[in-house]
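Next comes model-v2.cif, with mmCIF, C-alpha atoms.
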```
data_query
#
loop_
_atom_site.label_atom_id
_atom_site.label_comp_id
_atom_site.auth_asym_id
_atom_site.auth_seq_id
_atom_site.Cartn_x
_atom_site.Cartn_y
_atom_site.Cartn_z
CA ALA A 125 21.84 13.90 -2.47
CA ILE A 126 21.24 14.47 -6.18
CA ALA A 127 20.67 10.76 -6.88
CA LEU A 128 18.32 10.38 -3.91
CA SER A 129 16.35 13.46 -4.97
CA LEU A 130 16.11 12.19 -8.58
CA ALA A 131 14.91 8.79 -7.41
CA ASP A 132 12.36 10.46 -5.16
CA VAL A 133 10.99 12.41 -8.15
CA LEU A 134 10.75 9.22 -10.23
CA GLU A 135 8.97 7.48 -7.36
CA SER A 136 6.50 10.36 -7.02
CA ALA A 137 5.84 10.11 -10.76
CA GLY A 138 4.96 6.44 -10.36
CA ASP A 139 7.99 5.07 -12.18
CA LEU A 140 8.97 2.67 -9.40
CA PRO A 141 11.31 0.41 -11.43
CA LYS A 142 13.49 3.32 -12.58
CA ALA A 143 13.35 4.89 -9.11
CA TYR A 144 14.57 1.58 -7.70
CA SER A 145 17.45 1.55 -10.18
CA VAL A 146 18.56 5.05 -9.16
CA TYR A 147 18.25 4.18 -5.47
CA LYS A 148 20.36 1.09 -6.13
CA SER A 149 23.12 3.21 -7.69
CA ALA A 150 22.93 5.70 -4.82
CA PHE A 151 23.16 2.86 -2.30
CA ALA A 152 26.29 1.51 -4.02
CA ASP A 153 27.88 4.97 -3.88
CA LEU A 154 26.93 5.49 -0.22
CA THR A 155 28.34 2.14 0.91
CA HIS A 156 31.50 2.25 -1.21
CA GLY A 157 34.53 2.57 1.04
CA LEU A 158 32.41 3.08 4.14
CA PRO A 159 34.49 2.25 7.22
CA SER A 160 33.45 -0.46 9.63
CA PRO A 161 31.21 0.90 12.42
CA SER A 162 33.81 -0.36 14.92
CA GLU A 163 36.40 1.93 13.35
CA SER A 164 36.74 5.61 14.07
CA SER A 165 34.26 7.56 11.95
CA THR A 166 33.81 11.22 11.24
CA SER A 167 30.44 12.91 11.57
CA LEU A 168 30.20 12.94 7.77
CA GLN A 169 30.71 9.16 7.61
CA ALA A 170 28.06 8.64 10.29
CA ASP A 171 25.68 10.78 8.24
CA GLN A 172 26.60 8.78 5.12
CA ARG A 173 25.84 5.53 6.93
CA THR A 174 22.46 6.87 8.07
CA ARG A 175 21.58 7.78 4.48
CA ALA A 176 22.63 4.32 3.32
CA ILE A 177 20.34 2.73 5.91
CA GLY A 178 17.44 4.91 4.78
CA THR A 179 18.16 4.08 1.13
CA ALA A 180 18.23 0.34 1.86
CA LEU A 181 14.84 0.63 3.58
CA LYS A 182 13.45 2.59 0.64
CA MET A 183 14.73 -0.02 -1.82
CA ALA A 184 13.04 -2.76 0.21
CA GLU A 185 9.78 -0.76 0.22
CA LEU A 186 9.79 -0.19 -3.55
CA GLY A 187 11.07 -3.69 -4.24
CA GLU A 188 8.12 -5.22 -2.41
CA GLN A 189 5.70 -3.08 -4.45
CA ILE A 190 7.40 -3.94 -7.75
CA LEU A 191 7.31 -7.67 -7.01
CA HIS A 192 3.62 -7.39 -6.10
CA VAL A 193 2.84 -5.76 -9.45
CA ARG A 194 4.78 -8.48 -11.27
CA ALA A 195 2.87 -11.18 -9.41
CA LEU A 196 -0.38 -9.62 -10.62
CA GLY A 197 0.86 -9.86 -14.20
CA ARG A 198 1.02 -6.10 -14.70
CA ALA A 199 4.74 -6.09 -15.43
CA PRO A 200 7.22 -8.46 -17.09
CA ALA A 201 8.38 -11.22 -14.76
CA GLU A 202 11.97 -10.38 -15.61
CA SER A 203 12.00 -6.60 -15.67
CA GLU A 204 15.15 -4.65 -16.43
CA TYR A 205 14.76 -2.77 -13.17
CA GLY A 206 13.75 -3.79 -9.68
CA PRO A 207 14.65 -6.67 -7.36
CA VAL A 208 15.07 -10.21 -8.64
CA ASP A 209 13.01 -11.76 -5.88
CA GLU A 210 11.89 -11.48 -2.24
CA ALA A 211 15.33 -12.60 -1.11
CA GLU A 212 16.78 -9.36 -2.46
CA VAL A 213 14.19 -7.34 -0.55
CA GLU A 214 14.95 -9.20 2.68
CA GLU A 215 18.67 -8.75 2.07
CA LYS A 216 18.24 -4.96 2.10
CA LEU A 217 16.11 -5.09 5.25
CA ASP A 218 18.68 -7.28 6.97
CA TRP A 219 21.48 -4.93 5.97
CA ALA A 220 19.60 -1.88 7.22
CA LEU A 221 18.78 -3.45 10.58
CA THR A 222 22.31 -4.77 11.07
CA GLU A 223 23.86 -1.40 10.28
CA ALA A 224 21.39 0.46 12.49
CA LEU A 225 22.33 -1.81 15.40
CA ARG A 226 26.03 -1.31 14.70
CA LEU A 227 25.67 2.44 14.35
CA ARG A 228 23.78 2.64 17.64
CA GLY A 229 26.34 0.55 19.49
CA GLY A 230 29.44 1.67 17.59
CA SER A 231 31.76 4.58 18.03
CA ALA A 232 30.51 6.64 15.12
CA ASN A 233 29.75 10.22 16.03
CA SER A 234 26.31 11.69 15.47
CA PRO A 235 26.10 13.65 12.21
CA LYS A 236 26.44 17.40 12.61
CA LYS A 237 24.81 19.96 10.38
CA GLY A 238 26.95 22.26 8.34
CA LYS A 239 29.66 19.69 7.51
CA GLU A 240 28.12 18.18 4.41
CA LYS A 241 29.84 18.29 1.04
CA ASP A 242 28.92 21.07 -1.37
CA SER A 243 27.01 18.57 -3.51
CA ASP A 244 24.78 17.83 -0.51
CA THR A 245 23.35 21.34 -0.32
CA LEU A 246 20.37 20.07 -2.34
CA SER A 247 17.49 19.24 -0.05
CA LEU A 248 17.21 15.55 0.70
CA PRO A 249 13.90 13.66 0.48
CA ARG A 250 11.93 13.87 3.72
CA TRP A 251 12.14 10.10 4.28
CA VAL A 252 15.90 10.42 4.83
CA GLU A 253 15.23 12.37 8.02
CA GLY A 254 14.51 10.51 11.22
CA VAL A 255 16.22 7.25 10.26
CA ASP A 256 17.20 5.55 13.53
CA LEU A 257 17.21 2.15 15.18
CA THR A 258 13.59 2.31 16.35
CA SER A 259 12.15 3.31 12.98
CA THR A 260 14.31 0.70 11.24
CA MET A 261 13.10 -2.08 13.53
CA GLU A 262 9.50 -0.97 12.94
CA ARG A 263 9.92 -0.99 9.15
CA VAL A 264 11.48 -4.46 9.16
CA ALA A 265 8.81 -5.75 11.55
CA ASP A 266 6.06 -4.32 9.32
CA TYR A 267 7.46 -6.24 6.37
CA TYR A 268 7.58 -9.57 8.17
CA SER A 269 4.12 -8.93 9.61
CA ARG A 270 2.72 -8.49 6.09
CA LYS A 271 4.43 -11.71 5.04
CA GLY A 272 2.90 -13.60 7.96
CA LYS A 273 6.27 -14.24 9.60
CA VAL A 274 5.09 -13.36 13.08
CA GLU A 275 8.05 -15.07 14.74
CA TYR A 276 10.31 -12.41 13.18
CA ALA A 277 7.96 -9.44 13.50
CA VAL A 278 6.95 -9.68 17.17
CA PRO A 279 10.45 -9.50 18.74
CA LEU A 280 11.25 -6.45 16.60
CA TYR A 281 8.01 -4.71 17.59
CA VAL A 282 8.72 -5.47 21.25
CA HIS A 283 12.25 -4.05 21.07
CA ALA A 284 11.01 -0.99 19.17
CA ILE A 285 8.34 -0.30 21.81
CA SER A 286 10.88 -0.79 24.61
CA THR A 287 12.90 2.14 23.24
CA LEU A 288 9.79 4.35 23.24
CA ILE A 289 7.96 3.16 26.36
CA PRO A 290 10.38 1.26 28.60
CA PRO A 291 8.53 -1.17 30.88
CA PRO A 292 8.99 -0.73 34.66
CA ASN A 293 12.54 -1.35 35.90
CA VAL A 294 13.82 -1.94 32.38
CA THR A 295 16.14 0.50 30.61
CA ASN A 296 16.17 0.83 26.85
CA SER A 297 19.87 -0.05 26.72
CA GLY A 298 19.23 -3.77 27.08
CA LEU A 299 20.07 -4.43 23.46
CA PHE A 300 23.58 -3.08 23.89
CA SER A 301 24.50 -3.85 27.50
CA SER A 302 25.96 -6.98 29.02
CA THR A 303 22.96 -7.29 31.33
CA PRO A 304 20.57 -10.01 30.08
CA SER A 305 17.37 -8.56 28.63
CA PRO A 306 13.99 -9.65 30.07
CA SER A 307 12.06 -12.22 28.09
CA VAL A 308 9.39 -11.11 25.64
CA GLY A 309 6.74 -12.22 28.10
CA ASP A 310 8.24 -10.25 30.97
CA ARG A 311 8.43 -7.11 28.85
CA CYS A 312 4.83 -7.37 27.74
CA LYS A 313 3.64 -7.90 31.30
CA GLY A 314 5.19 -4.54 32.14
CA TRP A 315 3.14 -2.61 29.60
CA PRO A 316 -0.55 -1.66 29.66
CA HIS A 317 -2.54 -3.56 27.04
CA THR A 318 -3.16 -0.26 25.27
CA SER A 319 0.53 -0.04 24.43
CA ALA A 320 -0.19 -2.35 21.50
CA THR A 321 -1.57 0.67 19.65
CA VAL A 322 1.79 2.46 19.67
CA LEU A 323 3.03 0.67 16.54
CA PRO A 324 0.59 -0.26 13.76
CA GLY A 325 0.16 -3.98 13.25
CA LEU A 326 1.59 -4.98 16.62
CA ILE A 327 0.17 -8.20 17.96
CA SER A 328 -1.40 -7.47 21.34
CA CYS A 329 0.79 -8.18 24.31
CA GLN A 330 -2.23 -9.92 25.77
CA SER A 331 -1.17 -12.99 23.81
CA PHE A 332 1.98 -13.15 25.92
CA THR A 333 0.36 -12.54 29.27
CA SER A 334 -2.37 -15.09 28.57
CA GLY A 335 0.25 -17.85 28.40
CA ASP A 336 0.39 -18.31 24.61
CA ILE A 337 4.17 -18.21 24.78
CA ASP A 338 6.11 -20.29 27.24
CA GLU A 339 8.84 -18.54 29.12
#
```

Show how you would write the structure in this file as structure tokens.
Amino acid sequence: AIALSLADVLESAGDLPKAYSVYKSAFADLTHGLPSPSESSTSLQADQRTRAIGTALKMAELGEQILHVRALGRAPAESEYGPVDEAEVEEKLDWALTEALRLRGGSANSPKKGKEKDSDTLSLPRWVEGVDLTSTMERVADYYSRKGKVEYAVPLYVHAISTLIPPPNVTNSGLFSSTPSPSVGDRCKGWPHTSATVLPGLISCQSFTSGDIDE
């Protein structure tokens, strides 16, 4: 908690490279010795995994900003702090999404308040709260949308929306059940066109229902 709070202060002060470095150290600590999601986990370990997912997403967010500043020539190309390249940013996004899926479908218990270590009594940054599968999919989809990789962004947006507004006759457990999930086109046909406003940047489902994508 202390490292995350320190990094949050550095980020608020505009020192993104150093904030990234502290987040990186915190991420290493959070993931060290973390049991596999398929193994039995305590509520504290589930909470630790959730923090690690949030930290990975935050590193990807700052990493993208740092690389953008470098590209504009406002920072050394090989800075002491920050990601090496876009591949490192995508690696953190991939890790966060994979772990969020595993945590949702694994046997880890939901974190319970009051069981944190003494060192965790310090208030955590607000972005740590509310980290779940839906928000993780949205964050990853936002990144790929900005990069123009629509083929990666759209499926994530569709799955994220399905957990918030399930289309008719479709449960939001499709990702984790043995029952085959409906195609992207079928899901979009089940939603009003206005559902595209639920998540910023979502490509309108009208593109699916108009026959742009073959099913």

What do you get, as JSON, numbers by chain, if you spell out every residue that the PyMOL selection byres ((chain A and resi 141) around 9) selects here?
{"A": [134, 135, 138, 139, 140, 142, 143, 144, 145, 146, 186, 187, 190, 203, 204, 205, 206, 207]}

Once the PyMOL selection byres ((chain A and resi 184) around 8) is applied to the coordinates I shared, what remains selected? I want it as a PyMOL selection string.
chain A and resi 180-183+185-188+213-214+216-217

Output C-alpha atoms for every residue in the selection just made, as an mmCIF file, in the coordinates of the input.
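That gives us again-v3.cif:
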```
data_model
loop_
_atom_site.group_PDB
_atom_site.id
_atom_site.type_symbol
_atom_site.label_atom_id
_atom_site.label_comp_id
_atom_site.auth_asym_id
_atom_site.auth_seq_id
_atom_site.Cartn_x
_atom_site.Cartn_y
_atom_site.Cartn_z
ATOM 1 C CA ALA A 180 18.230 0.340 1.860
ATOM 2 C CA LEU A 181 14.840 0.630 3.580
ATOM 3 C CA LYS A 182 13.450 2.590 0.640
ATOM 4 C CA MET A 183 14.730 -0.020 -1.820
ATOM 5 C CA GLU A 185 9.780 -0.760 0.220
ATOM 6 C CA LEU A 186 9.790 -0.190 -3.550
ATOM 7 C CA GLY A 187 11.070 -3.690 -4.240
ATOM 8 C CA GLU A 188 8.120 -5.220 -2.410
ATOM 9 C CA VAL A 213 14.190 -7.340 -0.550
ATOM 10 C CA GLU A 214 14.950 -9.200 2.680
ATOM 11 C CA LYS A 216 18.240 -4.960 2.100
ATOM 12 C CA LEU A 217 16.110 -5.090 5.250
#
```

Nearest residue to Thr222 in chain A from the set A:Val264, A:Val208, A:Leu196, A:Leu158 (distances using only C-alpha atoms):
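The shortest atom-to-atom distance to Thr222 in chain A comes from A:Val264.
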
For the provided coordinates, the residues matched by the PyMOL selection byres ((chain A and resi 251) around 10) should be stated as an mmCIF file with C-alpha atoms, in the frame of the given file.
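Okay, this is what ended up in part04.cif:
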```
data_model
loop_
_atom_site.group_PDB
_atom_site.id
_atom_site.type_symbol
_atom_site.label_atom_id
_atom_site.label_comp_id
_atom_site.auth_asym_id
_atom_site.auth_seq_id
_atom_site.Cartn_x
_atom_site.Cartn_y
_atom_site.Cartn_z
ATOM 1 C CA ASP A 132 12.360 10.460 -5.160
ATOM 2 C CA ARG A 175 21.580 7.780 4.480
ATOM 3 C CA GLY A 178 17.440 4.910 4.780
ATOM 4 C CA THR A 179 18.160 4.080 1.130
ATOM 5 C CA LEU A 181 14.840 0.630 3.580
ATOM 6 C CA LYS A 182 13.450 2.590 0.640
ATOM 7 C CA LEU A 248 17.210 15.550 0.700
ATOM 8 C CA PRO A 249 13.900 13.660 0.480
ATOM 9 C CA ARG A 250 11.930 13.870 3.720
ATOM 10 C CA VAL A 252 15.900 10.420 4.830
ATOM 11 C CA GLU A 253 15.230 12.370 8.020
ATOM 12 C CA GLY A 254 14.510 10.510 11.220
ATOM 13 C CA VAL A 255 16.220 7.250 10.260
#
```

Please compute the CA of Tyr281 in chain A-CA of His192 in chain A distance, one decimal, in Å.
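Between these atoms lies a distance of 24.2 Å.
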
Pick the closest to Ser129 in chain A from A:Ser247, A:Glu275, A:Thr174, A:Gln169: which is it, counting only C-alpha atoms?
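Selected residue with least distance to Ser129 in chain A: A:Ser247.
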
In Å to one decimal, how far is CA of Ala277 in chain A from CA of Met261 in chain A?
9.0 Å

Point-to-point distance in Å for CA of Ser149 in chain A and CA of Leu191 in chain A
19.2 Å

Which residue of A:Thr155, A:Thr260, A:Gln172, A:Ser136 approaches Leu221 in chain A most closely, using all atoms listed in the file
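Between A:Thr155, A:Thr260, A:Gln172, A:Ser136, the residue approaching Leu221 in chain A most closely is A:Thr260.
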
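Proximity ranking of A:His156, A:Lys148, A:Arg173, A:Lys273 relative to Arg228 in chain A places A:Arg173 first, based on all atoms listed in the file.
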